[in-house]
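This report refers to the structure that appears directly beneath it.
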Amino acid sequence: MTNPNAFTFGTQERSDNYWARVTTPEYQSEKRAKQDALEAEQRRMVEQYKEQQRREAILSQSGPAIVEIVKGFDAYERPTPAKTSEVERQFQEVFPGAAPGEFRNALEELKGMGVIHEVTSSIGFMGARDTNLHYMGG
């Protein structure tokens, strides 16, 4: 003969323990903390992806323009180096609708990659200092 309680033995006890554990404030706060951490990680990944897309856009459009302008100064063997202010002026002519900080952002990315090197020149008129840009290759 088969015992009818064999398959239900302890189910009520486990069920009561489960709900007692799940409804505790400690469990709820732990569950909420895990969910918050997961959402924070997802936001961080989205922001990282947006930053990567922004960098790629800068380097695909603005970066090559800056490099070509700086290389143009070297090609003509001008007596003056590629001054940052002059390169920025030419950049604004090439991209008249560029965002206000786009030149600086692209320049910083190029400097970080080692493609462009920015050097502070000697003291000029009335103590003013200029910076010169040099193409390093890459």
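Residue numbering restarts at 1 for every chain of the structure tokens, chains are lettered A, B, ... in their displayed order, and ligands are numbered from 1 as they appear.
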
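Those residues that approach stretch 104-112 of chain A to within 8 Å, counting only C-alpha atoms, are A:Arg55, A:Ile58, A:Leu59, A:Ser62, A:Gly63, A:Ile66, A:Glu118; same-chain residues fewer than 6 positions away are not listed.
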
Those residues you just picked out, can you put them in a file as a PDB file, in the first residue's frame with C-alpha atoms?
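Contents of result-v8.pdb, freshly written:
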ATOM      1  CA  ARG A  55      34.622  59.397 -29.434  1.00  0.00           C
ATOM      2  CA  ILE A  58      34.812  62.855 -33.167  1.00  0.00           C
ATOM      3  CA  LEU A  59      37.638  60.798 -34.545  1.00  0.00           C
ATOM      4  CA  SER A  62      36.806  66.193 -36.654  1.00  0.00           C
ATOM      5  CA  GLY A  63      39.990  64.269 -35.940  1.00  0.00           C
ATOM      6  CA  ILE A  66      42.591  68.586 -37.466  1.00  0.00           C
ATOM      7  CA  GLU A 118      50.796  70.072 -28.126  1.00  0.00           C
TER       8      GLU A 118
END

(request) Using backbone DSSP assignments, extract all alpha helix (DSSP H) residues from stretch 36-137 of chain A; output them as a ChimeraX atom specification. (result) /A:36-57,63-75,84-94,102-113

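Residue-level DSSP output for chain A, from the backbone, shows strand (DSSP E or B) at Ala82, Lys83, Ile116, His117, Glu118, Val119, Thr120, Ser121, Ser122, Ile123, Arg129, Asp130, Thr131, Asn132, Leu133, His134 and Tyr135 of chain A.
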
(message) Under the rule that only C-alpha atoms are counted, which of A:Tyr49, A:Tyr27, A:Tyr18, A:Phe73 is the nearest residue to A:Tyr135?
(response) A:Phe73

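You will find atom CA of A:Ile69 at 22.3 Å from atom CA of A:Ser122.
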
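Counting from atom CA of A:Phe91, the distance to atom CA of A:Gln61 is 11.3 Å.
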
(request) Write out as a list in words each polymer residue whose atoms come within 12 Å of A:Lys71, counting only C-alpha atoms; drop sequence neighbours fewer than 5 positions from it. (result) Pro64, Ala65, Ile66, Tyr76, Glu77, Arg78, Pro81, Ala82, Val87, Val115, Ile116, Leu133, His134, Tyr135, Met136 and Gly137 of chain A
